[in-house]
file run-v7.txt (compact mmCIF, C-alpha atoms)
# COMPACT_ATOMS: atom_id res chain seq x y z
CA MET A 120 0.00 0.00 0.00
CA ALA A 121 2.80 2.43 0.90
CA GLN A 122 4.48 1.81 -2.46
CA SER A 123 1.20 2.38 -4.29
CA SER A 124 0.62 5.65 -2.42
CA LEU A 125 4.15 6.82 -3.23
CA ILE A 126 3.65 6.06 -6.91
CA THR A 127 0.35 7.98 -6.92
CA THR A 128 1.93 10.99 -5.18
CA THR A 129 4.86 11.01 -7.59
CA SER A 130 2.47 10.91 -10.57
CA VAL A 131 0.50 13.88 -9.19
CA VAL A 132 3.68 15.87 -8.59
CA LYS A 133 4.90 15.18 -12.14
CA ARG A 134 1.53 16.25 -13.55
CA TYR A 135 1.61 19.53 -11.62
CA LEU A 136 5.21 20.16 -12.65
CA ILE A 137 4.18 19.72 -16.30
CA TYR A 138 1.23 22.09 -15.83
CA PHE A 139 3.49 24.61 -14.13
CA GLY A 140 6.04 24.35 -16.94
CA ILE A 141 3.38 24.93 -19.57
CA PHE A 142 2.04 27.89 -17.60
CA ALA A 143 5.52 29.41 -17.30
CA VAL A 144 6.14 29.06 -21.04
CA VAL A 145 2.80 30.73 -21.84
CA VAL A 146 3.60 33.63 -19.48
CA ILE A 147 7.03 34.13 -21.09
CA VAL A 148 5.56 34.07 -24.61
CA LEU A 149 2.84 36.55 -23.64
CA GLN A 150 5.41 38.88 -22.06
CA VAL A 151 7.58 38.78 -25.20
CA CYS A 152 4.53 39.60 -27.36
CA ILE A 153 3.52 42.47 -25.08
CA ASN A 154 7.05 43.89 -25.16
CA PHE A 155 7.19 43.56 -28.96
CA ILE A 156 3.83 45.27 -29.48
CA GLY A 157 4.78 47.93 -26.95
CA GLY A 158 8.01 48.50 -28.86
CA LEU A 159 6.10 49.01 -32.10
CA ALA A 160 3.77 51.49 -30.46
CA THR A 161 6.69 53.35 -28.91
CA SER A 162 8.46 53.57 -32.27
CA ARG A 163 5.45 55.44 -33.67
CA THR A 164 4.65 57.52 -30.59
CA THR A 165 8.02 58.94 -29.61
CA THR A 166 7.76 61.96 -27.34
CA PRO A 167 9.42 65.04 -28.84
CA ASN A 168 12.80 65.72 -27.25
CA ASN A 169 13.04 69.48 -26.83
CA TYR A 170 16.62 69.16 -25.60
CA ALA A 171 17.86 67.41 -28.73
CA TYR A 172 16.54 69.62 -31.53
CA THR A 173 16.55 73.35 -32.21
CA ASP A 174 13.95 75.56 -30.59
CA PRO A 175 11.62 77.68 -32.74
CA ASP A 176 12.93 81.18 -33.41
CA TYR A 177 10.20 82.43 -35.80
CA SER A 178 12.95 84.49 -37.45
CA PHE A 179 10.81 85.33 -40.51
CA GLY A 180 7.77 86.36 -38.46
CA THR A 181 4.31 85.03 -39.25
CA LEU A 182 4.39 83.44 -42.71
CA THR A 183 1.76 83.55 -45.43
CA LEU A 184 1.55 80.12 -47.04
CA PRO A 185 0.84 80.21 -50.80
CA ALA A 186 -1.95 78.04 -52.17
CA ILE A 187 -0.82 74.68 -53.57
CA SER A 188 -2.38 73.66 -56.87
CA GLY A 189 -4.24 70.36 -56.87
CA ILE A 190 -6.88 68.15 -58.42
CA SER A 191 -10.52 68.86 -57.61
CA ILE A 192 -12.92 66.06 -56.69
CA SER A 193 -16.71 65.94 -56.57
CA ALA A 194 -18.19 67.39 -53.36
CA THR A 195 -20.83 64.66 -53.31
CA PRO A 196 -20.59 62.16 -51.89
CA LYS A 197 -18.26 63.62 -49.26
CA ALA A 198 -15.16 61.45 -49.05
CA THR A 199 -14.04 59.96 -45.75
CA TYR A 200 -10.42 60.14 -44.60
CA SER A 201 -8.65 57.50 -42.51
CA ALA A 202 -5.26 55.83 -42.07
CA ASP A 203 -4.37 52.15 -42.15
CA ASN A 204 -2.49 52.38 -38.84
CA ILE A 205 -1.27 54.86 -36.25
CA LEU A 206 0.38 57.75 -38.11
CA PRO A 207 4.06 58.28 -37.22
CA GLN A 208 5.02 60.59 -34.40
CA TYR A 209 8.51 62.03 -34.45
CA PRO A 210 11.03 62.85 -31.70
CA TYR A 211 11.32 66.43 -32.97
CA ALA A 212 8.78 69.25 -32.80
CA THR A 213 10.34 71.93 -35.02
CA VAL A 214 11.07 72.29 -38.73
CA ASN A 215 13.27 74.58 -40.84
CA VAL A 216 12.02 77.15 -43.35
CA TYR A 217 14.51 78.46 -45.93
CA LYS A 218 14.52 81.90 -47.46
CA VAL A 219 14.81 82.07 -51.24
CA ASN A 220 16.73 85.20 -52.17
CA GLU A 221 14.83 87.50 -54.49
CA PRO A 222 15.86 86.94 -58.14
CA ARG A 223 18.11 89.61 -59.60
CA GLU A 224 20.60 89.89 -62.40
CA ILE A 225 24.03 88.92 -61.14
CA PHE A 226 27.35 90.25 -62.34
CA GLY A 227 28.70 88.29 -65.27
CA SER A 228 25.40 86.59 -66.07
CA GLU A 229 25.95 86.92 -69.83
CA ASP A 230 29.25 85.10 -69.42
CA ILE A 231 27.40 82.37 -67.52
CA GLY A 232 24.88 82.11 -70.36
CA ASN A 233 27.57 81.95 -73.03
CA ASP A 234 29.43 79.26 -71.12
CA LEU A 235 26.21 77.28 -70.81
CA ALA A 236 25.49 77.62 -74.55
CA THR A 237 28.98 76.37 -75.39
CA ARG A 238 28.49 73.33 -73.16
CA PHE A 239 25.25 72.53 -74.98
CA GLY A 240 27.09 72.79 -78.29
CA PHE A 241 25.79 76.11 -79.64
CA LYS A 242 28.17 78.00 -81.92
CA THR A 243 26.08 81.10 -82.76
CA ASN A 244 25.51 84.22 -80.66
CA PHE A 245 22.41 84.82 -78.56
CA THR A 246 19.54 87.21 -79.22
CA ARG A 247 17.85 89.19 -76.44
CA ASP A 248 14.26 88.86 -75.28
CA GLY A 249 13.95 91.15 -72.28
CA ASN A 250 15.93 89.52 -69.47
CA LYS A 251 16.36 86.36 -71.52
CA LEU A 252 19.24 85.30 -73.71
CA VAL A 253 18.11 83.02 -76.53
CA TRP A 254 20.11 80.70 -78.77
CA ASN A 255 18.46 79.10 -81.83
CA GLU A 256 20.43 76.66 -83.95
CA ASN A 257 19.41 73.65 -86.05
CA ASN A 258 16.02 73.34 -84.38
CA ARG A 259 17.72 73.40 -80.99
CA LYS A 260 16.83 76.19 -78.56
CA LEU A 261 18.34 77.40 -75.30
CA ILE A 262 16.76 80.10 -73.13
CA TYR A 263 18.67 81.53 -70.18
CA ASP A 264 16.83 83.99 -67.93
CA LYS A 265 19.45 86.27 -66.38
CA VAL A 266 17.19 87.41 -63.53
CA ASN A 267 15.29 84.29 -62.55
CA GLU A 268 18.24 81.99 -63.30
CA THR A 269 16.06 79.61 -65.28
CA ILE A 270 17.48 77.35 -67.96
CA SER A 271 15.31 75.82 -70.66
CA PHE A 272 16.76 73.69 -73.45
CA SER A 273 14.67 71.97 -76.11
CA ASN A 274 15.44 69.88 -79.16
CA PRO A 275 12.01 68.77 -80.45
CA GLY A 276 13.42 67.47 -83.73
CA ILE A 277 15.54 64.78 -82.16
CA VAL A 278 14.19 61.23 -82.48
CA PRO A 279 15.36 57.91 -81.06
CA ASP A 280 17.67 56.30 -83.58
CA VAL A 281 17.59 52.71 -82.29
CA VAL A 282 15.43 50.37 -80.24
CA ASP A 283 16.33 47.90 -77.51
CA LYS A 284 19.43 49.85 -76.52
CA PHE A 285 18.64 51.27 -73.09
CA ASN A 286 20.43 49.58 -70.23
CA ALA A 287 17.99 47.96 -67.79
CA ASP A 288 20.08 48.98 -64.78
CA PRO A 289 19.06 52.50 -63.59
CA ALA A 290 22.35 52.82 -61.67
CA TYR A 291 24.16 52.85 -65.01
CA TYR A 292 22.34 56.04 -65.99
CA GLN A 293 22.40 57.56 -62.52
CA GLN A 294 26.19 57.64 -62.73
CA GLN A 295 26.14 58.98 -66.29
CA ALA A 296 23.55 61.61 -65.38
CA ALA A 297 25.70 62.91 -62.54
CA ALA A 298 28.64 63.24 -64.93
CA LEU A 299 26.46 64.95 -67.56
CA ILE A 300 25.14 67.46 -65.02
CA ALA A 301 28.69 68.29 -63.97
CA ASN A 302 29.71 68.65 -67.63
CA LEU A 303 26.85 71.10 -68.22
CA ASN A 304 27.93 73.03 -65.11
CA LEU A 305 24.52 72.52 -63.49
CA ALA A 306 25.70 70.79 -60.33
CA ARG A 307 24.65 72.77 -57.26
CA SER A 308 25.13 72.21 -53.54
CA ASN A 309 21.46 71.41 -52.85
CA LEU A 310 20.99 69.03 -55.79
CA ASP A 311 20.90 65.41 -54.63
CA LEU A 312 23.10 63.70 -57.22
CA LYS A 313 23.27 60.51 -55.14
CA ASN A 314 19.57 59.74 -55.51
CA ILE A 315 18.80 60.54 -59.15
CA GLU A 316 15.48 59.11 -60.36
CA ILE A 317 15.38 57.32 -63.71
CA GLU A 318 12.19 56.67 -65.71
CA TYR A 319 11.91 54.74 -68.98
CA LEU A 320 9.35 56.30 -71.34
CA GLU A 321 7.70 55.73 -74.70
CA ARG A 322 5.63 58.09 -76.81
CA ALA A 323 2.01 57.43 -77.76
CA ASN A 324 -0.06 60.02 -79.63
CA ASN A 325 2.49 62.75 -78.79
CA SER A 326 2.26 61.98 -75.07
CA PHE A 327 4.76 60.25 -72.84
CA ILE A 328 3.77 56.96 -71.22
CA ILE A 329 5.69 54.64 -68.93
CA ALA A 330 7.55 52.12 -71.10
CA LYS A 331 6.58 48.48 -70.82
CA SER A 332 10.26 47.71 -70.25
CA PRO A 333 13.68 49.30 -70.86
CA ASN A 334 13.79 47.31 -74.10
CA THR A 335 10.82 49.21 -75.50
CA ALA A 336 11.80 52.61 -74.05
CA GLN A 337 12.48 55.45 -76.47
CA TYR A 338 13.25 58.10 -73.86
CA LEU A 339 15.01 58.35 -70.55
CA LYS A 340 13.72 60.82 -67.98
CA ILE A 341 16.22 62.00 -65.37
CA LYS A 342 14.79 63.65 -62.26
CA VAL A 343 17.07 65.37 -59.76
CA HIS A 344 15.64 66.77 -56.54
CA ARG A 345 17.16 69.10 -53.98
CA THR A 346 17.68 68.21 -50.32
CA PHE A 347 17.69 70.41 -47.22
CA ASP A 348 18.14 69.88 -43.50
CA ALA A 349 14.51 69.95 -42.41
CA VAL A 350 15.26 69.34 -38.73
CA SER A 351 18.44 70.48 -36.97
CA ALA A 352 19.95 68.87 -33.89
CA LYS A 353 21.32 71.13 -31.17
CA ALA A 354 25.11 71.10 -31.19
CA ASP A 355 27.99 72.36 -29.09
CA ALA A 356 30.67 74.78 -30.24
CA GLN A 357 32.53 71.92 -31.94
CA GLY A 358 29.43 70.85 -33.89
CA ASN A 359 28.80 67.71 -31.84
CA PRO A 360 25.15 66.91 -30.99
CA LEU A 361 24.18 67.81 -27.44
CA VAL A 362 22.08 64.66 -27.17
CA THR A 363 23.61 61.35 -28.25
CA GLY A 364 21.87 59.94 -31.29
CA ALA A 365 20.29 63.21 -32.39
CA THR A 366 21.12 64.07 -35.99
CA ASN A 367 19.97 66.54 -38.64
CA ILE A 368 17.03 65.19 -40.63
CA ALA A 369 17.23 65.76 -44.40
CA ALA A 370 14.16 66.22 -46.60
CA THR A 371 13.71 66.19 -50.38
CA SER A 372 12.17 69.07 -52.30
CA TYR A 373 9.45 68.58 -54.90
CA VAL A 374 7.84 70.87 -57.47
CA ASN A 375 4.16 71.46 -58.25
CA ASP A 376 4.34 69.29 -61.37
CA ILE A 377 4.40 65.91 -59.70
CA LEU A 378 5.92 64.28 -62.80
CA SER A 379 8.85 66.69 -62.78
CA SER A 380 11.63 67.80 -60.42
CA ALA A 381 14.02 70.67 -59.65
CA LEU A 382 16.21 69.57 -62.56
CA THR A 383 14.51 67.48 -65.24
CA ILE A 384 16.33 66.05 -68.27
CA ILE A 385 14.92 63.92 -71.10
CA ALA A 386 17.31 61.98 -73.35
CA VAL A 387 16.62 59.79 -76.39
CA ASN A 388 17.70 56.23 -77.03
CA ASN A 389 20.95 56.14 -78.98
CA GLN A 390 23.45 53.71 -80.40
CA ALA A 391 26.18 54.67 -77.95
CA GLN A 392 23.95 54.05 -74.92
CA SER A 393 25.54 57.11 -73.33
CA LEU A 394 24.32 60.49 -72.15
CA SER A 395 25.72 63.64 -73.74
CA PRO A 396 24.31 67.04 -74.83
CA ASP A 397 23.85 65.58 -78.32
CA VAL A 398 21.10 63.16 -77.22
CA LEU A 399 19.05 65.49 -75.02
CA GLU A 400 15.52 66.41 -75.94
CA SER A 401 14.93 68.83 -73.05
CA VAL A 402 16.48 70.27 -69.90
CA ASN A 403 14.63 72.45 -67.39
CA PHE A 404 16.14 73.95 -64.26
CA THR A 405 15.65 76.97 -62.00
CA ASP A 406 18.76 77.85 -60.02
CA TRP A 407 17.14 79.35 -56.92
CA GLU A 408 19.53 80.99 -54.46
CA PHE A 409 18.78 79.71 -50.95
CA ASN A 410 19.90 81.41 -47.76
CA PRO A 411 21.70 78.69 -45.79
CA VAL A 412 20.47 79.97 -42.39
CA PRO A 413 16.89 78.75 -41.85
CA GLY A 414 14.10 80.04 -39.68
CA VAL A 415 12.75 77.49 -37.20
CA TYR A 416 9.01 76.98 -36.72
CA ASN A 417 6.72 74.57 -34.92
CA LEU A 418 6.20 71.31 -36.81
CA LEU A 419 2.70 69.94 -37.13
CA THR A 420 2.31 66.30 -36.22
CA ALA A 421 1.32 63.88 -38.97
CA ASP A 422 -2.09 63.56 -37.27
CA GLN A 423 -2.59 67.35 -37.36
CA ALA A 424 -1.56 67.49 -41.02
CA TRP A 425 -3.94 64.65 -41.97
CA ALA A 426 -6.71 66.43 -40.05
CA ASN A 427 -5.98 69.56 -42.12
CA ILE A 428 -6.44 67.51 -45.29
CA LYS A 429 -9.79 66.28 -43.95
CA ASN A 430 -10.71 69.96 -43.47
CA ASN A 431 -9.90 70.87 -47.09
CA GLN A 432 -6.49 72.34 -46.23
CA GLY A 433 -4.54 69.97 -48.44
CA SER A 434 -3.95 69.57 -52.16
CA LEU A 435 -4.68 66.35 -54.00
CA LYS A 436 -1.75 66.05 -56.41
CA GLN A 437 -2.40 62.69 -58.03
CA LEU A 438 -5.32 60.27 -58.34
CA ILE A 439 -4.81 57.25 -60.58
CA GLU A 440 -6.84 54.07 -60.93
CA PHE A 441 -4.74 50.96 -60.37
CA GLY A 442 -2.79 49.97 -63.47
CA TYR A 443 -3.26 53.22 -65.38
CA ASN A 444 -0.47 55.43 -66.70
CA PRO A 445 0.23 58.60 -64.66
CA TYR A 446 1.22 60.53 -67.78
CA LEU A 447 -2.20 59.96 -69.32
CA VAL A 448 -4.65 59.93 -66.39
CA GLY A 449 -2.83 61.65 -63.54
CA GLN A 450 -5.36 64.49 -63.44
CA LEU A 451 -8.75 62.90 -62.76
CA ASN A 452 -10.58 66.14 -62.05
CA GLY A 453 -14.14 65.91 -60.75
CA GLN A 454 -13.97 62.26 -59.68
CA GLN A 455 -16.41 60.98 -57.08
CA VAL A 456 -14.26 59.60 -54.26
CA ILE A 457 -15.76 57.45 -51.51
CA SER A 458 -12.70 57.28 -49.26
CA PHE A 459 -9.01 58.06 -48.86
CA THR A 460 -6.87 55.75 -46.71
CA ALA A 461 -3.37 57.00 -45.93
CA ASN A 462 -0.49 54.52 -45.71
CA TYR A 463 1.15 55.20 -42.34
CA GLN A 464 4.49 53.86 -43.61
CA LYS A 465 4.70 56.37 -46.47
CA VAL A 466 4.10 59.68 -44.69
CA THR A 467 6.96 61.91 -45.86
CA LEU A 468 8.35 65.21 -44.61
CA ALA A 469 9.47 67.19 -47.66
CA TYR A 470 9.69 70.68 -49.21
CA LEU A 471 7.66 72.25 -51.99
CA GLU A 472 9.52 74.50 -54.41
CA PRO A 473 7.68 77.52 -55.82
CA ASP A 474 6.87 77.83 -59.51
CA LYS A 475 7.52 81.55 -59.09
CA TRP A 476 9.47 83.33 -56.39
CA THR A 477 7.45 83.66 -53.17
CA GLY A 478 10.27 84.38 -50.74
CA TYR A 479 10.59 80.99 -49.06
CA ILE A 480 10.64 77.24 -49.55
CA TYR A 481 8.19 75.63 -47.15
CA PRO A 482 8.09 72.17 -45.55
CA ILE A 483 5.15 69.94 -46.44
CA TYR A 484 3.86 66.50 -45.57
CA ILE A 485 3.23 64.11 -48.44
CA PHE A 486 0.61 61.43 -47.84
CA TYR A 487 0.41 58.37 -50.09
CA GLY A 488 -2.38 55.82 -50.01
CA HIS A 489 -5.33 54.12 -51.65
CA ALA A 490 -8.64 55.67 -52.66
CA ARG A 491 -12.02 54.18 -53.35
CA LEU A 492 -13.79 55.74 -56.32
CA ALA A 493 -17.54 55.76 -56.83
CA ASN A 494 -17.16 53.39 -59.78
CA SER A 495 -15.93 50.72 -57.33
CA PRO A 496 -17.66 51.51 -54.00
CA SER A 497 -16.79 48.23 -52.26
CA VAL A 498 -13.02 48.10 -52.84
CA ASP A 499 -10.07 50.48 -53.16
CA ASN A 500 -9.17 50.97 -56.81
CA ALA A 501 -6.90 54.03 -57.03
CA ASP A 502 -3.65 55.48 -55.70
CA PHE A 503 -3.49 59.02 -54.38
CA ILE A 504 -0.90 61.60 -53.31
CA TYR A 505 -1.80 64.53 -51.07
CA TYR A 506 0.33 67.56 -50.15
CA THR A 507 -0.28 69.75 -47.11
CA TYR A 508 1.88 72.21 -45.18
CA ALA A 509 3.86 70.73 -42.30
CA LEU A 510 4.37 73.81 -40.16
CA ASP A 511 2.45 76.24 -38.02
CA PRO A 512 3.25 79.54 -39.77
CA LYS A 513 2.16 81.78 -36.88
CA VAL A 514 4.31 83.40 -34.27
CA PRO A 515 2.66 82.60 -30.91
CA ALA A 516 1.16 85.59 -29.09
CA ALA A 517 3.35 84.81 -26.08
CA VAL A 518 6.44 85.36 -28.27
CA ASN A 519 5.10 88.37 -30.15
CA PRO A 520 2.19 89.84 -28.14
CA PRO A 521 -0.20 92.26 -29.90
CA GLY A 522 1.03 95.84 -29.91
CA LYS A 523 4.62 94.89 -29.16
call {"tool": "encode", "arguments": {"input": "run-v7.txt", "output": "structure tokens"}}
result
Amino acid sequence: MAQSSLITTTSVVKRYLIYFGIFAVVVIVLQVCINFIGGLATSRTTTPNNYAYTDPDYSFGTLTLPAISGISISATPKATYSADNILPQYPYATVNVYKVNEPREIFGSEDIGNDLATRFGFKTNFTRDGNKLVWNENNRKLIYDKVNETISFSNPGIVPDVVDKFNADPAYYQQQAAALIANLNLARSNLDLKNIEIEYLERANNSFIIAKSPNTAQYLKIKVHRTFDAVSAKADAQGNPLVTGATNIAATSYVNDILSSALTIIAVNNQAQSLSPDVLESVNFTDWEFNPVPGVYNLLTADQAWANIKNNQGSLKQLIEFGYNPYLVGQLNGQQVISFTANYQKVTLAYLEPDKWTGYIYPIYIFYGHARLANSPSVDNADFIYYTYALDPKVPAAVNPPGK
């Protein structure tokens, strides 16, 4: 009997030890999951560190934000706005605004224009059209605006001379494009030559379309954006950050034409598979002069910016049904939109360059996501891009009280 009792007791103890082991494993797994989920939430809800990044100085006073052009949509039905997850929250609460110096004719500008014309291969002298110097030669045209520092080159008569000659590796042309830009003396300190965008295009009915593949491409579009420090970390006299891990945050600048960029070049397919002035169809560039010392203003959160879009304070820049070509249907004015859903992973802090001088270059948020059009009310069927300003342009009353 004693042996039987001992065996029974041992069996019970083993069973409870197994139960306890299972319980302990479950607790550990649950704790790991909680910590992981908590880590994700923390990564998107970081509290702004006012000690790490520059304080607002409102050095340009209260700013007037120019209207941003956009696509109109039907007012009925009224679209709903949501996000597919918690929108990002950043560890900084300020953003930089850069002054664009007022355009003026600079000393030696005609020499600059003549040098530019030589680099493009013009051999004749320019004619004058107000502030503009114009070269016309063999259906090629170069316009250099001495005041606004704009450069416009066009060669509409050039045609692709071969097919199936474009290299399928964009990096091949990114390197060539950087060399071409330097050869044309267009390289500037703010141009981001390390992240040049390459697009392969064809022509259909006198319009560009995205090529089916590099093999069928007739044209190469080169887009070069500018970059600026959008957020500045506080630093000591030696330039070292006051808070470990804090760094300046760079942002890319975009232009109102969403298919273009600060410097846009179009080249044709050619036997040599190389980029040179001889194979360019067009070049467009405005050489704005930026003051390197920014003003610092309060940064809106991504939630505040998205709320502004809901309240008609944003600009819809692109609305394209899935699978359609942005060069043909990028401007779907008057569409009935059921809903916009922002992708929380693609919220971008950027800058918007002016088409004409307005005094400043302003930070914006860019929201990407999916839309649901009225022609497909039960499922998303379009991509959208929204722009909205990313800063509070007002000087707080406590800083600049009325009557001061």
call {"tool": "atom_distance", "arguments": {"input": "run-v7.txt", "atom1": "CA of Ala306 (chain A)", "atom2": "CA of Thr405 (chain A)"}}
result
11.9 Å
call {"tool": "atom_distance", "arguments": {"input": "run-v7.txt", "atom1": "CA of Asp348 (chain A)", "atom2": "CA of Ala369 (chain A)"}}
result
4.3 Å
call {"tool": "residues_around", "arguments": {"input": "run-v7.txt", "residues": "Asn388 (chain A)", "least_positions_apart": "2", "cutoff": "8 Å", "atoms": "all atoms listed in the file", "output": "PDB file with C-alpha atoms, in the frame of the given file"}}
result
ATOM      1  CA  PRO A 279      15.360  57.910 -81.060  1.00  0.00           C
ATOM      2  CA  ASP A 280      17.670  56.300 -83.580  1.00  0.00           C
ATOM      3  CA  VAL A 281      17.590  52.710 -82.290  1.00  0.00           C
ATOM      4  CA  VAL A 282      15.430  50.370 -80.240  1.00  0.00           C
ATOM      5  CA  LYS A 284      19.430  49.850 -76.520  1.00  0.00           C
ATOM      6  CA  PHE A 285      18.640  51.270 -73.090  1.00  0.00           C
ATOM      7  CA  ALA A 336      11.800  52.610 -74.050  1.00  0.00           C
ATOM      8  CA  GLN A 337      12.480  55.450 -76.470  1.00  0.00           C
ATOM      9  CA  TYR A 338      13.250  58.100 -73.860  1.00  0.00           C
ATOM     10  CA  LEU A 339      15.010  58.350 -70.550  1.00  0.00           C
ATOM     11  CA  ALA A 386      17.310  61.980 -73.350  1.00  0.00           C
ATOM     12  CA  GLN A 390      23.450  53.710 -80.400  1.00  0.00           C
ATOM     13  CA  GLN A 392      23.950  54.050 -74.920  1.00  0.00           C
ATOM     14  CA  VAL A 398      21.100  63.160 -77.220  1.00  0.00           C
TER      15      VAL A 398
END
call {"tool": "atom_distance", "arguments": {"input": "run-v7.txt", "atom1": "CA of Lys197 (chain A)", "atom2": "CA of Ser458 (chain A)"}}
result
8.4 Å
call {"tool": "residues_around", "arguments": {"input": "run-v7.txt", "residues": "region 372-377 of chain A", "least_positions_apart": "2", "cutoff": "6 Å", "atoms": "only C-alpha atoms", "output": "PDB file with C-alpha atoms, keeping the file's coordinate frame"}}
result
ATOM      1  CA  HIS A 344      15.640  66.770 -56.540  1.00  0.00           C
ATOM      2  CA  ARG A 345      17.160  69.100 -53.980  1.00  0.00           C
ATOM      3  CA  THR A 346      17.680  68.210 -50.320  1.00  0.00           C
ATOM      4  CA  SER A 379       8.850  66.690 -62.780  1.00  0.00           C
ATOM      5  CA  SER A 380      11.630  67.800 -60.420  1.00  0.00           C
ATOM      6  CA  ALA A 469       9.470  67.190 -47.660  1.00  0.00           C
ATOM      7  CA  TYR A 470       9.690  70.680 -49.210  1.00  0.00           C
ATOM      8  CA  LEU A 471       7.660  72.250 -51.990  1.00  0.00           C
ATOM      9  CA  GLU A 472       9.520  74.500 -54.410  1.00  0.00           C
TER      10      GLU A 472
END
call {"tool": "closest_residue", "arguments": {"input": "run-v7.txt", "among": "A:Leu261, A:Asn286, A:Thr183, A:Lys513", "to": "Ala391 (chain A)", "atoms": "all atoms listed in the file"}}
result
A:Asn286
call {"tool": "residues_around", "arguments": {"input": "run-v7.txt", "residues": "Ala354 (chain A)", "least_positions_apart": "3", "cutoff": "10 Å", "atoms": "only C-alpha atoms", "output": "ChimeraX atom specification"}}
result
/A:171-173,351,357-362,365-366
call {"tool": "closest_residue", "arguments": {"input": "run-v7.txt", "among": "A:Gly442, A:Gln455, A:Thr237, A:Leu447", "to": "Asp502 (chain A)", "atoms": "only C-alpha atoms"}}
result
A:Gly442
call {"tool": "residues_around", "arguments": {"input": "run-v7.txt", "residues": "Asn324 (chain A)", "least_positions_apart": "3", "cutoff": "12 Å", "atoms": "all atoms listed in the file", "output": "count of residues only"}}
result
5
call {"tool": "axis_aligned_box", "arguments": {"input": "run-v7.txt", "around": "region 281-284 of chain A", "padding_each_side": "5 Å", "output": "AutoDock Vina command-line options"}}
result
--center_x 17.4 --center_y 50.3 --center_z -79.4 --size_x 14.0 --size_y 14.8 --size_z 15.8
call {"tool": "decode", "arguments": {"input": "run-v7.txt", "residues": "region 401-416 of chain A", "atoms": "N, CA and C atoms", "output": "PDB file, in the first residue's frame"}}
result
ATOM      1  N   SER A 401      15.295  67.652 -73.843  1.00  0.00           N
ATOM      2  CA  SER A 401      14.934  68.830 -73.047  1.00  0.00           C
ATOM      3  C   SER A 401      15.679  68.836 -71.722  1.00  0.00           C
ATOM      4  N   VAL A 402      15.905  70.052 -71.231  1.00  0.00           N
ATOM      5  CA  VAL A 402      16.481  70.274 -69.902  1.00  0.00           C
ATOM      6  C   VAL A 402      15.764  71.472 -69.301  1.00  0.00           C
ATOM      7  N   ASN A 403      15.292  71.340 -68.072  1.00  0.00           N
ATOM      8  CA  ASN A 403      14.633  72.453 -67.390  1.00  0.00           C
ATOM      9  C   ASN A 403      15.134  72.536 -65.959  1.00  0.00           C
ATOM     10  N   PHE A 404      15.536  73.760 -65.577  1.00  0.00           N
ATOM     11  CA  PHE A 404      16.143  73.948 -64.256  1.00  0.00           C
ATOM     12  C   PHE A 404      16.014  75.409 -63.844  1.00  0.00           C
ATOM     13  N   THR A 405      15.631  75.627 -62.577  1.00  0.00           N
ATOM     14  CA  THR A 405      15.655  76.970 -61.997  1.00  0.00           C
ATOM     15  C   THR A 405      16.666  76.972 -60.873  1.00  0.00           C
ATOM     16  N   ASP A 406      17.653  77.826 -60.984  1.00  0.00           N
ATOM     17  CA  ASP A 406      18.756  77.851 -60.019  1.00  0.00           C
ATOM     18  C   ASP A 406      18.443  78.844 -58.900  1.00  0.00           C
ATOM     19  N   TRP A 407      17.464  78.483 -58.042  1.00  0.00           N
ATOM     20  CA  TRP A 407      17.137  79.349 -56.921  1.00  0.00           C
ATOM     21  C   TRP A 407      18.363  79.548 -56.026  1.00  0.00           C
ATOM     22  N   GLU A 408      18.444  80.711 -55.412  1.00  0.00           N
ATOM     23  CA  GLU A 408      19.526  80.985 -54.457  1.00  0.00           C
ATOM     24  C   GLU A 408      18.934  80.926 -53.056  1.00  0.00           C
ATOM     25  N   PHE A 409      19.335  79.930 -52.285  1.00  0.00           N
ATOM     26  CA  PHE A 409      18.777  79.706 -50.952  1.00  0.00           C
ATOM     27  C   PHE A 409      19.707  80.269 -49.879  1.00  0.00           C
ATOM     28  N   ASN A 410      19.117  80.963 -48.912  1.00  0.00           N
ATOM     29  CA  ASN A 410      19.897  81.411 -47.763  1.00  0.00           C
ATOM     30  C   ASN A 410      20.152  80.200 -46.876  1.00  0.00           C
ATOM     31  N   PRO A 411      21.402  79.920 -46.532  1.00  0.00           N
ATOM     32  CA  PRO A 411      21.699  78.688 -45.786  1.00  0.00           C
ATOM     33  C   PRO A 411      21.225  78.704 -44.337  1.00  0.00           C
ATOM     34  N   VAL A 412      20.898  79.884 -43.786  1.00  0.00           N
ATOM     35  CA  VAL A 412      20.465  79.969 -42.386  1.00  0.00           C
ATOM     36  C   VAL A 412      18.940  79.933 -42.344  1.00  0.00           C
ATOM     37  N   PRO A 413      18.349  78.856 -41.828  1.00  0.00           N
ATOM     38  CA  PRO A 413      16.893  78.752 -41.852  1.00  0.00           C
ATOM     39  C   PRO A 413      16.241  79.450 -40.671  1.00  0.00           C
ATOM     40  N   GLY A 414      14.937  79.688 -40.810  1.00  0.00           N
ATOM     41  CA  GLY A 414      14.104  80.038 -39.675  1.00  0.00           C
ATOM     42  C   GLY A 414      13.515  78.745 -39.128  1.00  0.00           C
ATOM     43  N   VAL A 415      13.237  78.716 -37.838  1.00  0.00           N
ATOM     44  CA  VAL A 415      12.751  77.491 -37.205  1.00  0.00           C
ATOM     45  C   VAL A 415      11.334  77.729 -36.680  1.00  0.00           C
ATOM     46  N   TYR A 416      10.422  76.839 -37.080  1.00  0.00           N
ATOM     47  CA  TYR A 416       9.010  76.978 -36.725  1.00  0.00           C
ATOM     48  C   TYR A 416       8.493  75.668 -36.130  1.00  0.00           C
TER      49      TYR A 416
END
